[in-house]
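Structure file work-v7.csv with CSV, C-alpha atoms:
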```
chain,number,residue,atom,x,y,z
A,9,MET,CA,-7.9,-22.9,-10.1
A,10,SER,CA,-6.2,-26.0,-8.7
A,11,LEU,CA,-3.6,-26.0,-6.0
A,12,ARG,CA,-2.7,-29.7,-6.2
A,13,PRO,CA,0.9,-30.7,-5.6
A,14,GLY,CA,2.9,-30.3,-8.7
A,15,ILE,CA,0.8,-27.4,-10.0
A,16,SER,CA,2.7,-24.2,-9.7
A,17,PHE,CA,1.9,-20.6,-10.3
A,18,LEU,CA,2.8,-19.5,-13.8
A,19,ALA,CA,4.7,-16.3,-14.5
A,20,ASP,CA,1.6,-14.9,-16.1
A,21,CYS,CA,-0.7,-15.9,-13.4
A,22,PRO,CA,-3.3,-13.2,-12.5
A,23,ALA,CA,-2.7,-13.7,-8.7
A,24,LEU,CA,1.0,-13.0,-9.2
A,25,LEU,CA,0.2,-9.9,-11.3
A,26,ALA,CA,-2.0,-8.6,-8.5
A,27,MET,CA,0.7,-9.3,-5.8
A,28,GLU,CA,3.3,-7.6,-7.9
A,29,ILE,CA,1.2,-4.5,-8.2
A,30,ILE,CA,0.2,-4.2,-4.5
A,31,ALA,CA,3.1,-6.0,-2.8
A,32,SER,CA,5.0,-2.7,-2.2
A,33,LYS,CA,4.4,-1.4,1.3
A,34,TRP,CA,4.0,2.1,-0.1
A,35,SER,CA,1.6,1.0,-2.8
A,36,MET,CA,-0.8,-0.3,-0.2
A,37,VAL,CA,-0.4,2.8,2.0
A,38,THR,CA,-1.0,5.1,-1.0
A,39,LEU,CA,-4.0,3.2,-2.3
A,40,PHE,CA,-5.5,3.1,1.2
A,41,ALA,CA,-5.0,6.9,1.6
A,42,LEU,CA,-6.7,7.6,-1.7
A,43,THR,CA,-9.9,5.6,-0.7
A,44,GLU,CA,-11.2,8.7,1.0
A,45,GLY,CA,-10.9,10.8,-2.2
A,46,PRO,CA,-8.5,12.9,-4.2
A,47,LEU,CA,-5.3,14.1,-2.4
A,48,ARG,CA,-2.3,16.3,-3.3
A,49,HIS,CA,1.2,15.0,-3.2
A,50,GLY,CA,2.0,16.8,0.1
A,51,GLU,CA,-1.1,15.4,1.8
A,52,LEU,CA,-0.1,11.9,0.7
A,53,VAL,CA,3.4,12.4,2.2
A,54,GLU,CA,1.8,13.5,5.5
A,55,LEU,CA,-0.7,10.6,5.6
A,56,SER,CA,1.8,7.9,4.8
A,57,GLY,CA,3.9,8.5,7.9
A,58,GLY,CA,7.4,8.1,6.5
A,59,ILE,CA,7.5,7.9,2.8
A,60,SER,CA,10.0,10.3,1.0
A,61,ARG,CA,8.7,12.5,-1.7
A,62,LYS,CA,10.9,10.7,-4.3
A,63,VAL,CA,9.5,7.2,-3.3
A,64,LEU,CA,5.9,8.6,-3.3
A,65,THR,CA,6.5,9.9,-6.8
A,66,GLN,CA,7.8,6.6,-8.0
A,67,THR,CA,4.9,4.8,-6.3
A,68,LEU,CA,2.3,7.1,-7.9
A,69,ARG,CA,3.9,6.6,-11.3
A,70,ARG,CA,3.8,2.8,-10.9
A,71,LEU,CA,0.2,2.9,-9.8
A,72,GLN,CA,-0.7,5.2,-12.7
A,73,ALA,CA,1.1,2.8,-15.2
A,74,ASN,CA,-1.1,0.0,-13.8
A,75,GLY,CA,-4.3,2.0,-14.2
A,76,LEU,CA,-5.0,2.3,-10.5
A,77,VAL,CA,-4.4,6.0,-10.0
A,78,GLU,CA,-5.1,9.1,-12.0
A,79,ARG,CA,-3.2,12.4,-11.9
A,80,HIS,CA,-5.1,15.6,-12.4
A,81,ALA,CA,-3.1,18.7,-13.1
A,82,TYR,CA,-5.1,21.9,-12.8
A,83,ALA,CA,-4.3,25.0,-14.9
A,84,GLU,CA,-4.0,27.4,-11.9
A,85,ALA,CA,-1.4,29.6,-10.4
A,86,PRO,CA,0.2,28.2,-8.4
A,87,PRO,CA,-0.1,24.8,-10.1
A,88,ARG,CA,-2.2,22.2,-8.3
A,89,VAL,CA,-2.0,18.4,-8.9
A,90,GLU,CA,-4.3,15.9,-7.2
A,91,TYR,CA,-4.3,12.1,-7.3
A,92,CYS,CA,-7.3,9.8,-7.1
A,93,LEU,CA,-8.2,6.2,-7.6
A,94,THR,CA,-9.5,5.2,-11.0
A,95,GLU,CA,-12.5,2.9,-11.4
A,96,LEU,CA,-10.1,0.0,-11.5
A,97,GLY,CA,-8.3,1.3,-8.4
A,98,ARG,CA,-11.5,1.4,-6.5
A,99,THR,CA,-12.0,-2.3,-7.1
A,100,LEU,CA,-9.1,-2.8,-4.6
A,101,GLU,CA,-10.8,-0.9,-1.8
A,102,GLU,CA,-12.5,-3.9,-0.3
A,103,PRO,CA,-9.4,-6.2,-0.5
A,104,ILE,CA,-7.3,-3.5,1.1
A,105,ARG,CA,-9.9,-3.1,3.9
A,106,MET,CA,-9.9,-6.8,4.4
A,107,LEU,CA,-6.1,-7.0,4.7
A,108,THR,CA,-6.2,-4.0,7.0
A,109,ALA,CA,-8.7,-5.8,9.3
A,110,TRP,CA,-6.5,-8.9,9.2
A,111,ALA,CA,-3.5,-6.9,10.2
A,112,ARG,CA,-5.3,-5.2,13.1
A,113,GLU,CA,-6.5,-8.5,14.4
A,114,ASN,CA,-3.3,-10.5,13.9
A,115,GLY,CA,-0.5,-7.9,13.9
A,116,GLU,CA,0.6,-8.5,17.4
A,117,ALA,CA,0.7,-12.3,16.9
A,118,VAL,CA,2.9,-11.8,13.8
A,119,VAL,CA,5.2,-9.6,15.8
A,120,THR,CA,5.4,-12.2,18.6
A,121,PHE,CA,6.3,-14.9,16.1
A,122,ARG,CA,8.9,-12.7,14.4
A,123,GLU,CA,10.5,-11.9,17.8
A,124,ALA,CA,10.6,-15.5,18.7
A,125,ALA,CA,12.1,-16.5,15.4
A,126,GLU,CA,14.7,-13.7,15.7
A,127,ALA,CA,15.6,-14.8,19.2
A,128,ALA,CA,16.0,-18.4,18.1
A,129,GLY,CA,18.1,-17.3,15.1
A,130,ILE,CA,15.7,-19.1,12.8
A,131,THR,CA,15.3,-16.3,10.3
A,132,GLU,CA,16.2,-12.7,9.6
A,133,VAL,CA,13.4,-10.3,10.3
A,134,ASP,CA,12.8,-7.4,8.0
A,135,GLN,CA,12.9,-4.5,10.4
A,136,ALA,CA,11.4,-2.1,7.8
A,137,ALA,CA,8.2,-4.2,7.7
A,138,SER,CA,7.9,-4.4,11.5
A,139,VAL,CA,4.6,-3.2,12.9
A,140,LYS,CA,6.0,-2.6,16.3
A,141,ALA,CA,6.9,1.0,15.5
A,142,SER,CA,4.1,3.5,15.8
A,143,PRO,CA,4.0,6.8,13.9
A,144,ALA,CA,6.3,9.5,15.2
A,145,ASP,CA,3.3,11.7,16.1
A,146,GLY,CA,1.9,9.0,18.4
A,147,SER,CA,-1.3,8.7,16.4
A,148,PRO,CA,-2.6,5.2,15.9
A,149,ASN,CA,-1.6,3.3,12.8
A,150,ARG,CA,-3.8,4.2,9.8
A,151,PHE,CA,-4.2,0.5,9.0
```

Give the structure from this file in structure tokens form.
Amino acid sequence: MSLRPGISFLADCPALLAMEIIASKWSMVTLFALTEGPLRHGELVELSGGISRKVLTQTLRRLQANGLVERHAYAEAPPRVEYCLTELGRTLEEPIRMLTAWARENGEAVVTFREAAEAAGITEVDQAASVKASPADGSPNRF
């Protein structure tokens, strides 16, 4: 793949496809949570630290449609449903861990640059993506 000037990403570029799939904040959180094994919907809500049940359901459906997550419904009373990574989903474990390590190492620097840019009026900072906020329970970020 060449990144020479004048060469642009095409709409069907595999890198853009990958970014589209995992670019959602909640997709990354959900995939990361499932690296430890199957989880129920309520467990995923708890682990994610702020996702609504509706958004989690949408995220899980999108990940299922992309072949990254499987839904297992058990014929029990009361009904039990678990989600787990597919073989394809497991191929994202290492890239997610690498991005997580990068975020841990560089998160404070990014926040510093964002704050400086915001103070200078250079750009709008997406507050929803800010890493300044810690989980409500005071536990360390899971990333």

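Using all atoms listed in the file, the contacts of A:Cys92 at a cut-off of 8 Å, with sequence neighbours closer than 5 positions omitted, comprise Leu42, Gly45, Pro46, Leu47, Val77, Glu78 and Arg79 of chain A.
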
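Going from atom CA of A:Pro103 to atom CA of A:Met27 covers 11.8 Å.
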
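Note that the spacing between atom CA of A:Trp34 and atom CA of A:Leu64 amounts to 7.5 Å.
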
For atom CA of A:Ala127 and atom CA of A:Asn114, quote the distance in Å rounded to one decimal.
-> 20.1 Å

From A:Leu96, A:Leu52, A:Leu24, A:Met106, residue lying nearest A:Asn74 [all atoms listed in the file] = A:Leu96

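Nearest to A:Arg88 of all the residues A:Leu25, A:Arg48, A:Thr120, A:Gly115 is A:Arg48, based on only C-alpha atoms.
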
Could you work out an axis-aligned box for stretch 27-38 of chain A, taking every atom the file lists and adding 3 Å on each side, and report centre and edge lengths in Å to one decimal, as AutoDock Vina command-line options?
```
--center_x 2.0 --center_y -2.1 --center_z -3.1 --size_x 12.0 --size_y 20.4 --size_z 16.2
```

Write out as a PyMOL selection string the residues lying within 9 Å of A:Leu76, counting all atoms listed in the file and excluding same-chain residues fewer than 5 positions away.
-> chain A and resi 39+70-71+92-98+100

Nearest to A:Glu101, chosen from A:Thr38, A:Gln72, A:Ser32, A:Thr43, with only C-alpha atoms counted in the distances | A:Thr43
